[in-house]
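Participant: One file is attached below, final-v3.cif, containing mmCIF, C-alpha atoms.
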```cif
data_target
loop_
_atom_site.group_PDB
_atom_site.id
_atom_site.type_symbol
_atom_site.label_atom_id
_atom_site.label_comp_id
_atom_site.auth_asym_id
_atom_site.auth_seq_id
_atom_site.Cartn_x
_atom_site.Cartn_y
_atom_site.Cartn_z
ATOM 1 C CA MET A 204 25.477 91.416 40.192
ATOM 2 C CA ARG A 205 28.838 92.509 41.603
ATOM 3 C CA THR A 206 31.275 94.258 39.252
ATOM 4 C CA TYR A 207 35.046 94.536 39.738
ATOM 5 C CA ARG A 208 37.695 96.221 37.630
ATOM 6 C CA ALA A 209 41.080 94.589 37.130
ATOM 7 C CA GLU A 210 44.179 96.769 37.130
ATOM 8 C CA PRO A 211 47.505 96.014 35.430
ATOM 9 C CA ALA A 212 49.995 94.349 37.795
ATOM 10 C CA PHE A 213 52.861 93.666 35.408
ATOM 11 C CA GLU A 214 53.176 94.492 31.703
ATOM 12 C CA ALA A 215 54.576 91.179 30.469
ATOM 13 C CA LYS A 216 53.462 91.600 26.837
ATOM 14 C CA ASN A 217 52.834 87.848 26.637
ATOM 15 C CA GLU A 218 51.806 86.409 23.308
ATOM 16 C CA LEU A 219 49.645 83.868 25.156
ATOM 17 C CA GLY A 220 49.856 84.238 28.926
ATOM 18 C CA GLU A 221 48.271 81.258 30.703
ATOM 19 C CA GLY A 222 48.214 78.987 33.733
ATOM 20 C CA PRO A 223 48.898 81.331 36.690
ATOM 21 C CA VAL A 224 49.734 79.584 39.980
ATOM 22 C CA TRP A 225 50.559 81.175 43.341
ATOM 23 C CA ASP A 226 53.847 79.843 44.736
ATOM 24 C CA ALA A 227 53.216 80.588 48.426
ATOM 25 C CA GLY A 228 56.610 79.383 49.621
ATOM 26 C CA ASN A 229 58.395 81.981 47.520
ATOM 27 C CA ARG A 230 55.581 84.560 47.619
ATOM 28 C CA GLN A 231 55.528 84.757 43.855
ATOM 29 C CA LEU A 232 53.207 84.220 40.932
ATOM 30 C CA VAL A 233 54.298 81.749 38.264
ATOM 31 C CA TRP A 234 52.691 81.582 34.825
ATOM 32 C CA VAL A 235 53.529 80.616 31.253
ATOM 33 C CA ASP A 236 53.573 82.306 27.883
ATOM 34 C CA ILE A 237 52.634 79.394 25.627
ATOM 35 C CA GLU A 238 53.424 80.986 22.280
ATOM 36 C CA GLY A 239 56.443 82.753 23.769
ATOM 37 C CA ARG A 240 57.796 79.392 25.016
ATOM 38 C CA ALA A 241 58.562 80.906 28.396
ATOM 39 C CA LEU A 242 57.893 80.570 32.109
ATOM 40 C CA TRP A 243 57.518 83.732 34.193
ATOM 41 C CA ARG A 244 58.056 84.427 37.913
ATOM 42 C CA TRP A 245 56.980 87.671 39.545
ATOM 43 C CA GLN A 246 56.636 88.978 43.099
ATOM 44 C CA PRO A 247 53.763 91.407 43.747
ATOM 45 C CA GLY A 248 54.854 95.020 43.743
ATOM 46 C CA GLU A 249 57.996 94.405 41.717
ATOM 47 C CA ASP A 250 58.542 96.214 38.413
ATOM 48 C CA ARG A 251 60.525 93.317 36.942
ATOM 49 C CA ALA A 252 60.020 89.588 36.510
ATOM 50 C CA GLU A 253 62.180 86.545 35.824
ATOM 51 C CA ARG A 254 61.659 84.877 32.460
ATOM 52 C CA THR A 255 62.958 81.418 31.569
ATOM 53 C CA ALA A 256 62.931 80.403 27.900
ATOM 54 C CA PHE A 257 62.204 76.897 26.594
ATOM 55 C CA ALA A 258 62.603 75.197 23.233
ATOM 56 C CA LYS A 259 59.030 73.862 23.353
ATOM 57 C CA LYS A 260 55.680 75.385 24.259
ATOM 58 C CA ILE A 261 54.480 75.060 27.862
ATOM 59 C CA GLY A 262 50.762 74.754 28.548
ATOM 60 C CA ALA A 263 50.962 74.714 32.346
ATOM 61 C CA ALA A 264 53.401 74.445 35.257
ATOM 62 C CA VAL A 265 52.651 73.110 38.751
ATOM 63 C CA PRO A 266 54.865 72.779 41.848
ATOM 64 C CA ALA A 267 55.933 69.284 42.913
ATOM 65 C CA ARG A 268 55.658 68.038 46.499
ATOM 66 C CA ASP A 269 59.301 66.966 46.582
ATOM 67 C CA GLY A 270 60.597 70.221 45.080
ATOM 68 C CA GLY A 271 60.912 71.234 41.463
ATOM 69 C CA TRP A 272 58.067 71.708 39.017
ATOM 70 C CA ILE A 273 56.074 69.526 36.631
ATOM 71 C CA LEU A 274 55.388 70.986 33.193
ATOM 72 C CA ALA A 275 52.677 70.176 30.665
ATOM 73 C CA MET A 276 54.599 70.800 27.455
ATOM 74 C CA GLU A 277 53.583 70.463 23.838
ATOM 75 C CA ASP A 278 54.893 66.889 23.547
ATOM 76 C CA GLY A 279 54.262 65.530 27.050
ATOM 77 C CA PHE A 280 54.825 65.919 30.764
ATOM 78 C CA ARG A 281 58.283 66.957 31.958
ATOM 79 C CA ARG A 282 60.024 67.587 35.267
ATOM 80 C CA LEU A 283 62.057 70.679 36.010
ATOM 81 C CA ASP A 284 64.247 70.715 39.118
ATOM 82 C CA ARG A 285 64.585 74.507 39.166
ATOM 83 C CA LEU A 286 62.472 77.194 37.519
ATOM 84 C CA ASP A 287 65.503 78.920 36.029
ATOM 85 C CA GLU A 288 66.758 75.781 34.221
ATOM 86 C CA GLY A 289 64.762 76.014 31.026
ATOM 87 C CA GLY A 290 66.785 73.521 29.041
ATOM 88 C CA GLN A 291 66.839 70.832 31.736
ATOM 89 C CA ALA A 292 63.242 69.562 31.719
ATOM 90 C CA THR A 293 63.199 65.739 31.834
ATOM 91 C CA LEU A 294 60.459 63.842 29.987
ATOM 92 C CA LEU A 295 58.193 61.858 32.326
ATOM 93 C CA ALA A 296 55.461 60.750 29.909
ATOM 94 C CA ALA A 297 54.825 61.309 26.205
ATOM 95 C CA LEU A 298 51.411 61.947 24.664
ATOM 96 C CA ASP A 299 49.309 59.461 22.736
ATOM 97 C CA GLU A 300 47.356 61.700 20.356
ATOM 98 C CA PRO A 301 45.630 60.923 17.034
ATOM 99 C CA ASP A 302 47.181 64.109 15.621
ATOM 100 C CA PRO A 303 50.855 64.583 16.509
ATOM 101 C CA ASN A 304 50.382 68.345 16.193
ATOM 102 C CA ASN A 305 47.970 68.452 19.154
ATOM 103 C CA ARG A 306 49.629 69.995 22.199
ATOM 104 C CA LEU A 307 49.062 70.037 25.932
ATOM 105 C CA ASN A 308 47.209 73.105 27.122
ATOM 106 C CA ASP A 309 45.920 73.993 30.600
ATOM 107 C CA GLY A 310 46.469 71.743 33.609
ATOM 108 C CA LYS A 311 46.076 71.504 37.383
ATOM 109 C CA CYS A 312 46.633 69.082 40.258
ATOM 110 C CA ASP A 313 43.943 67.516 42.415
ATOM 111 C CA ARG A 314 44.387 67.217 46.177
ATOM 112 C CA ARG A 315 45.922 63.747 45.849
ATOM 113 C CA GLY A 316 48.704 65.176 43.690
ATOM 114 C CA ARG A 317 47.528 63.853 40.334
ATOM 115 C CA PHE A 318 48.334 66.233 37.479
ATOM 116 C CA TRP A 319 45.416 66.678 35.076
ATOM 117 C CA ALA A 320 46.071 68.349 31.714
ATOM 118 C CA GLY A 321 44.474 68.131 28.317
ATOM 119 C CA THR A 322 45.307 68.788 24.710
ATOM 120 C CA MET A 323 44.229 71.396 22.223
ATOM 121 C CA SER A 324 43.312 70.147 18.764
ATOM 122 C CA ALA A 325 45.648 71.479 16.074
ATOM 123 C CA ARG A 326 42.746 71.457 13.600
ATOM 124 C CA ASN A 327 39.946 72.628 15.877
ATOM 125 C CA GLU A 328 38.432 69.151 15.673
ATOM 126 C CA LYS A 329 37.145 66.791 18.358
ATOM 127 C CA ASN A 330 40.403 64.855 18.530
ATOM 128 C CA GLY A 331 41.905 66.178 21.759
ATOM 129 C CA SER A 332 42.152 64.420 25.111
ATOM 130 C CA LEU A 333 42.240 64.901 28.868
ATOM 131 C CA TYR A 334 45.088 63.087 30.654
ATOM 132 C CA VAL A 335 46.039 62.455 34.265
ATOM 133 C CA LEU A 336 49.642 61.885 35.349
ATOM 134 C CA GLU A 337 50.024 59.896 38.565
ATOM 135 C CA LYS A 338 52.759 58.672 40.866
ATOM 136 C CA GLY A 339 55.528 56.810 39.090
ATOM 137 C CA GLY A 340 54.850 58.654 35.845
ATOM 138 C CA ARG A 341 51.760 56.598 34.991
ATOM 139 C CA LEU A 342 49.723 58.431 32.333
ATOM 140 C CA THR A 343 46.029 57.703 31.741
ATOM 141 C CA LYS A 344 43.740 59.170 29.104
ATOM 142 C CA LYS A 345 40.490 60.166 30.833
ATOM 143 C CA LEU A 346 38.544 61.807 27.992
ATOM 144 C CA THR A 347 38.658 61.891 24.201
ATOM 145 C CA GLY A 348 36.703 63.938 21.657
ATOM 146 C CA ILE A 349 37.892 67.235 23.137
ATOM 147 C CA ILE A 350 38.357 70.358 20.987
ATOM 148 C CA CYS A 351 40.331 72.562 23.385
ATOM 149 C CA SER A 352 40.954 71.250 26.891
ATOM 150 C CA ASN A 353 41.072 74.096 29.384
ATOM 151 C CA GLY A 354 40.114 75.075 32.938
ATOM 152 C CA LEU A 355 39.899 72.566 35.796
ATOM 153 C CA ALA A 356 38.663 72.797 39.393
ATOM 154 C CA TRP A 357 37.408 70.525 42.183
ATOM 155 C CA ASN A 358 34.832 71.252 44.857
ATOM 156 C CA ALA A 359 35.847 71.307 48.533
ATOM 157 C CA ASP A 360 34.829 67.736 49.362
ATOM 158 C CA ASP A 361 36.336 66.265 46.177
ATOM 159 C CA THR A 362 33.090 64.890 44.812
ATOM 160 C CA VAL A 363 32.847 67.058 41.678
ATOM 161 C CA LEU A 364 35.325 67.879 38.919
ATOM 162 C CA TYR A 365 34.603 71.021 36.896
ATOM 163 C CA TYR A 366 36.060 71.058 33.393
ATOM 164 C CA ILE A 367 36.065 73.385 30.384
ATOM 165 C CA ASP A 368 36.221 72.489 26.708
ATOM 166 C CA SER A 369 36.611 75.928 25.149
ATOM 167 C CA GLY A 370 35.696 74.629 21.709
ATOM 168 C CA GLU A 371 32.273 73.578 23.013
ATOM 169 C CA ARG A 372 31.845 76.932 24.837
ATOM 170 C CA LYS A 373 30.754 74.907 27.868
ATOM 171 C CA VAL A 374 31.702 74.208 31.458
ATOM 172 C CA PHE A 375 31.055 70.588 32.405
ATOM 173 C CA ALA A 376 30.731 68.825 35.749
ATOM 174 C CA PHE A 377 31.621 65.206 36.543
ATOM 175 C CA ASP A 378 31.080 63.056 39.563
ATOM 176 C CA TYR A 379 34.574 62.629 40.987
ATOM 177 C CA ARG A 380 36.028 59.877 43.159
ATOM 178 C CA ALA A 381 39.083 61.130 45.001
ATOM 179 C CA GLU A 382 40.382 57.670 45.925
ATOM 180 C CA ASP A 383 41.286 56.725 42.363
ATOM 181 C CA GLY A 384 40.471 59.804 40.270
ATOM 182 C CA ALA A 385 37.511 58.182 38.513
ATOM 183 C CA ILE A 386 35.095 60.534 36.740
ATOM 184 C CA ALA A 387 31.524 59.820 35.615
ATOM 185 C CA ASN A 388 28.145 61.360 34.805
ATOM 186 C CA ARG A 389 29.276 64.200 32.564
ATOM 187 C CA ARG A 390 26.778 67.059 32.394
ATOM 188 C CA VAL A 391 26.680 70.665 31.188
ATOM 189 C CA LEU A 392 27.017 73.141 34.043
ATOM 190 C CA ILE A 393 27.291 76.428 32.105
ATOM 191 C CA ASP A 394 26.647 76.907 28.397
ATOM 192 C CA PHE A 395 28.131 80.229 27.265
ATOM 193 C CA ALA A 396 26.111 80.242 24.034
ATOM 194 C CA ALA A 397 22.791 79.587 25.781
ATOM 195 C CA ALA A 398 23.605 82.152 28.483
ATOM 196 C CA GLY A 399 24.447 84.818 25.898
ATOM 197 C CA GLU A 400 27.970 85.218 27.258
ATOM 198 C CA GLU A 401 30.612 86.936 25.169
ATOM 199 C CA GLY A 402 33.635 84.869 24.193
ATOM 200 C CA LEU A 403 34.704 81.344 25.128
ATOM 201 C CA PRO A 404 35.287 79.939 28.620
ATOM 202 C CA ASP A 405 39.046 79.535 29.063
ATOM 203 C CA GLY A 406 40.992 79.089 32.326
ATOM 204 C CA MET A 407 39.181 78.718 35.636
ATOM 205 C CA THR A 408 39.660 78.696 39.404
ATOM 206 C CA ILE A 409 37.431 78.027 42.401
ATOM 207 C CA ASP A 410 37.127 80.057 45.599
ATOM 208 C CA ALA A 411 36.678 78.920 49.202
ATOM 209 C CA GLU A 412 32.905 79.423 48.896
ATOM 210 C CA GLY A 413 32.800 76.950 46.004
ATOM 211 C CA MET A 414 32.150 79.571 43.328
ATOM 212 C CA LEU A 415 33.831 79.340 39.919
ATOM 213 C CA TRP A 416 35.840 82.193 38.358
ATOM 214 C CA ILE A 417 36.094 81.814 34.579
ATOM 215 C CA ALA A 418 38.249 83.751 32.100
ATOM 216 C CA HIS A 419 36.551 84.772 28.836
ATOM 217 C CA TRP A 420 38.665 84.407 25.703
ATOM 218 C CA GLY A 421 37.259 87.120 23.445
ATOM 219 C CA GLY A 422 35.052 88.426 26.233
ATOM 220 C CA TRP A 423 36.994 91.180 28.072
ATOM 221 C CA GLN A 424 36.277 89.737 31.526
ATOM 222 C CA VAL A 425 36.483 87.115 34.234
ATOM 223 C CA SER A 426 33.110 85.990 35.544
ATOM 224 C CA ARG A 427 32.073 84.392 38.846
ATOM 225 C CA TRP A 428 29.417 81.652 38.837
ATOM 226 C CA ASP A 429 27.467 79.591 41.343
ATOM 227 C CA PRO A 430 27.825 75.970 40.151
ATOM 228 C CA GLY A 431 24.818 74.965 42.234
ATOM 229 C CA THR A 432 22.396 77.244 40.399
ATOM 230 C CA GLY A 433 24.276 78.075 37.197
ATOM 231 C CA ARG A 434 23.805 81.762 38.010
ATOM 232 C CA LYS A 435 26.367 84.428 37.169
ATOM 233 C CA LEU A 436 27.293 86.350 40.307
ATOM 234 C CA ALA A 437 29.989 88.844 39.360
ATOM 235 C CA THR A 438 32.045 90.283 36.531
ATOM 236 C CA VAL A 439 35.674 91.400 36.582
ATOM 237 C CA SER A 440 36.173 93.882 33.762
ATOM 238 C CA VAL A 441 39.538 93.553 31.977
ATOM 239 C CA PRO A 442 40.707 96.094 29.341
ATOM 240 C CA VAL A 443 41.929 93.280 27.087
ATOM 241 C CA LYS A 444 39.811 91.144 24.756
ATOM 242 C CA ASN A 445 41.510 87.773 25.181
ATOM 243 C CA VAL A 446 41.455 86.936 28.882
ATOM 244 C CA THR A 447 42.995 83.515 29.412
ATOM 245 C CA SER A 448 43.090 82.363 33.037
ATOM 246 C CA CYS A 449 43.018 83.372 36.693
ATOM 247 C CA THR A 450 44.068 82.259 40.163
ATOM 248 C CA PHE A 451 43.993 83.574 43.708
ATOM 249 C CA GLY A 452 47.224 84.699 45.354
ATOM 250 C CA GLY A 453 48.722 87.031 47.911
ATOM 251 C CA GLU A 454 49.130 86.582 51.660
ATOM 252 C CA ARG A 455 45.391 86.013 52.204
ATOM 253 C CA LEU A 456 44.726 84.428 48.805
ATOM 254 C CA ASP A 457 42.192 87.179 48.118
ATOM 255 C CA VAL A 458 43.839 88.806 45.100
ATOM 256 C CA LEU A 459 42.693 87.444 41.766
ATOM 257 C CA TYR A 460 45.558 87.395 39.252
ATOM 258 C CA ILE A 461 44.555 87.311 35.603
ATOM 259 C CA THR A 462 46.595 86.405 32.509
ATOM 260 C CA THR A 463 45.873 87.733 29.015
ATOM 261 C CA ALA A 464 47.055 87.333 25.422
ATOM 262 C CA ARG A 465 48.138 89.396 22.453
ATOM 263 C CA ILE A 466 47.407 86.702 19.872
ATOM 264 C CA GLY A 467 43.953 86.567 18.334
ATOM 265 C CA ASN A 468 44.022 90.311 17.587
ATOM 266 C CA ASP A 469 44.870 92.076 14.379
ATOM 267 C CA GLU A 470 47.103 95.187 14.329
ATOM 268 C CA ARG A 471 44.171 97.561 14.636
ATOM 269 C CA GLU A 472 42.784 95.690 17.644
ATOM 270 C CA LEU A 473 46.179 95.589 19.337
ATOM 271 C CA ALA A 474 46.540 99.361 18.859
ATOM 272 C CA GLY A 475 43.398 99.757 20.963
ATOM 273 C CA GLN A 476 44.637 97.326 23.642
ATOM 274 C CA PRO A 477 48.049 98.577 24.801
ATOM 275 C CA LEU A 478 47.885 96.229 27.796
ATOM 276 C CA ALA A 479 47.205 93.053 25.824
ATOM 277 C CA GLY A 480 49.429 90.291 27.204
ATOM 278 C CA ALA A 481 49.768 91.924 30.622
ATOM 279 C CA LEU A 482 49.162 90.377 34.020
ATOM 280 C CA PHE A 483 46.222 91.933 35.879
ATOM 281 C CA ALA A 484 45.088 91.860 39.496
ATOM 282 C CA VAL A 485 42.005 92.708 41.523
ATOM 283 C CA LYS A 486 41.296 92.392 45.236
ATOM 284 C CA THR A 487 38.040 90.525 45.737
ATOM 285 C CA ASP A 488 35.592 89.752 48.530
ATOM 286 C CA ALA A 489 36.428 86.062 48.078
ATOM 287 C CA ALA A 490 39.520 83.972 48.753
ATOM 288 C CA GLY A 491 40.955 80.972 46.998
ATOM 289 C CA TRP A 492 42.717 77.756 47.957
ATOM 290 C CA PRO A 493 46.461 77.069 48.030
ATOM 291 C CA ALA A 494 47.761 75.400 44.880
ATOM 292 C CA ASN A 495 47.754 71.601 45.007
ATOM 293 C CA PRO A 496 51.291 70.254 44.418
ATOM 294 C CA ALA A 497 52.026 67.339 42.105
ATOM 295 C CA ASP A 498 52.967 63.934 43.541
ATOM 296 C CA VAL A 499 54.087 62.149 40.407
#
```
Please render this file's structure as structure tokens.

Facilitator:
Amino acid sequence: MRTYRAEPAFEAKNELGEGPVWDAGNRQLVWVDIEGRALWRWQPGEDRAERTAFAKKIGAAVPARDGGWILAMEDGFRRLDRLDEGGQATLLAALDEPDPNNRLNDGKCDRRGRFWAGTMSARNEKNGSLYVLEKGGRLTKKLTGIICSNGLAWNADDTVLYYIDSGERKVFAFDYRAEDGAIANRRVLIDFAAAGEEGLPDGMTIDAEGMLWIAHWGGWQVSRWDPGTGRKLATVSVPVKNVTSCTFGGERLDVLYITTARIGNDERELAGQPLAGALFAVKTDAAGWPANPADV
């Protein structure tokens, strides 16, 4: 099994860094600090980054096809015309949750421009949901009974959706119909408990070979898996316990960028993890796909 070691790229000290996306047009990485209520922009090699503050928590941010960005925020989906206008996000669609304290968490766009994002249960119960936001601001609830909606990815021919519920410690697969976004035939692809993996599966990305890269919350690593066999292929060691998400970026999309968190550690644990909350990077033998923009 291949082993990589991630190195710090930028010491952001995020409380809960999440949702990295490579903005190829501006050659920058964009990610969020959920608990810090902030959106970050950073260009590789720079020793500073731009931080935009928000009044509400942001679970994910994706570029829009017509310019601007679409945000999955704690109370719903919002549009932002410019990344530096934190107070100007316009509500597109509000949530319909059984617990008003549930909030949107991770999210990603499919190749048709639909924005998929799910909620995290405020009580760690099975009362969260997975939503899809489509053109015209139409919001549809795709799944219910979710504990903590997290990583999303699609295979190259758009026939399979991969999906993580961190609370279940499982990666699921669905048959996927690209024409209308229909999903069916839910099955377990990877069971972290059964596989003896440390931590919970969190954020996820897919490479051009169709392999899944999964961040381990509480597991000090990102792991690479073959979804066809369920076999673990590689480990990226990270010197931080709570690894949250990852994406490919750089000119050749062969650098894996990794977000991490400070929360979930006590003072003693944080003292032993001076880089908790930092952004990490590692050059891999794989390459990813460009980010899919939203068409909503």

Participant: Taking the file as shown, find all residues satisfying the PyMOL selection byres ((chain A and resi 323) around 8) and write them as number ranges by chain.

Facilitator: A: 305-308, 321-322, 324-325, 327, 331-332, 349-352

Participant: Write the selection just made, keeping C-alpha atoms, as a PDB file, keeping the file's coordinate frame?

Facilitator:
```pdb
ATOM      1  CA  ASN A 305      47.970  68.452  19.154  1.00  0.00           C
ATOM      2  CA  ARG A 306      49.629  69.995  22.199  1.00  0.00           C
ATOM      3  CA  LEU A 307      49.062  70.037  25.932  1.00  0.00           C
ATOM      4  CA  ASN A 308      47.209  73.105  27.122  1.00  0.00           C
ATOM      5  CA  GLY A 321      44.474  68.131  28.317  1.00  0.00           C
ATOM      6  CA  THR A 322      45.307  68.788  24.710  1.00  0.00           C
ATOM      7  CA  SER A 324      43.312  70.147  18.764  1.00  0.00           C
ATOM      8  CA  ALA A 325      45.648  71.479  16.074  1.00  0.00           C
ATOM      9  CA  ASN A 327      39.946  72.628  15.877  1.00  0.00           C
ATOM     10  CA  GLY A 331      41.905  66.178  21.759  1.00  0.00           C
ATOM     11  CA  SER A 332      42.152  64.420  25.111  1.00  0.00           C
ATOM     12  CA  ILE A 349      37.892  67.235  23.137  1.00  0.00           C
ATOM     13  CA  ILE A 350      38.357  70.358  20.987  1.00  0.00           C
ATOM     14  CA  CYS A 351      40.331  72.562  23.385  1.00  0.00           C
ATOM     15  CA  SER A 352      40.954  71.250  26.891  1.00  0.00           C
TER      16      SER A 352
END
```

Participant: Pull the neighbourhood of (31.1, 91.7, 37.2) for me: all residues within 10 Å in file coordinates, counting all atoms listed in the file, as a ChimeraX atom specification.

Facilitator: /A:204-208,424-427,435-440

Participant: Mind pulling up the distance from CA of Gly421 (chain A) to CA of Phe377 (chain A)?

Facilitator: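 Taking CA of Phe377 (chain A) as the start and CA of Gly421 (chain A) as the end point, the length is 26.1 Å.
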
Participant: Can you give me, as a list in words, the residues this file yields under the PyMOL selection byres ((chain A and resi 491) around 6)?

Facilitator: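 So the PyMOL selection byres ((chain A and resi 491) around 6), applied here, picks out Asp410, Ala411, Phe451, Leu456, Ala490 and Trp492 of chain A.
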
Participant: Show me, as a PyMOL selection string, the residues that have an atom within 8 Å of Trp234 (chain A) when counting all atoms listed in the file, minus same-chain residues fewer than 3 positions from it.

Facilitator: chain A and resi 220-224+242-244+263-264

Participant: Go through A:Ala396, A:Gly339, A:Asp313, A:Ala252 one by one, measure the shortest atom-to-atom distance of each to Ala359 (chain A) using only C-alpha atoms, and give the residue with the smallest value.

Facilitator: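 Selected residue with least distance to Ala359 (chain A): A:Asp313.
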
Participant: I'd like to know which of A:Val446, A:Ala479, A:Ala258, A:Ile386 is closest to Asp405 (chain A), using all atoms listed in the file.

Facilitator: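 Between A:Val446, A:Ala479, A:Ala258, A:Ile386, the residue approaching Asp405 (chain A) most closely is A:Val446.
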
Participant: Take the PyMOL selection byres ((chain A and resi 229) around 12), apply it to the structure above, and return the hits as a list in words.

Facilitator: Val224, Trp225, Asp226, Ala227, Gly228, Arg230, Gln231, Leu232, Val233, Arg244, Trp245, Gln246, Pro247, Pro266, Leu286, Gly452, Gly453 and Glu454 of chain A

Participant: Could you write out that same residue set with C-alpha atoms as a compact mmCIF listing (two decimals), in the coordinates of the input?

Facilitator:
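Contents of result_11.txt, freshly written:
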```txt
# COMPACT_ATOMS: atom_id res chain seq x y z
CA VAL A 224 49.73 79.58 39.98
CA TRP A 225 50.56 81.18 43.34
CA ASP A 226 53.85 79.84 44.74
CA ALA A 227 53.22 80.59 48.43
CA GLY A 228 56.61 79.38 49.62
CA ARG A 230 55.58 84.56 47.62
CA GLN A 231 55.53 84.76 43.86
CA LEU A 232 53.21 84.22 40.93
CA VAL A 233 54.30 81.75 38.26
CA ARG A 244 58.06 84.43 37.91
CA TRP A 245 56.98 87.67 39.54
CA GLN A 246 56.64 88.98 43.10
CA PRO A 247 53.76 91.41 43.75
CA PRO A 266 54.86 72.78 41.85
CA LEU A 286 62.47 77.19 37.52
CA GLY A 452 47.22 84.70 45.35
CA GLY A 453 48.72 87.03 47.91
CA GLU A 454 49.13 86.58 51.66
```

Participant: List the neighbours of region 495-498 of chain A out to 6 Å using all atoms listed in the file; skip same-chain residues closer than 2 positions along the sequence, and give me the result as a PyMOL selection string.

Facilitator: chain A and resi 266-268+312+314+316-317+338
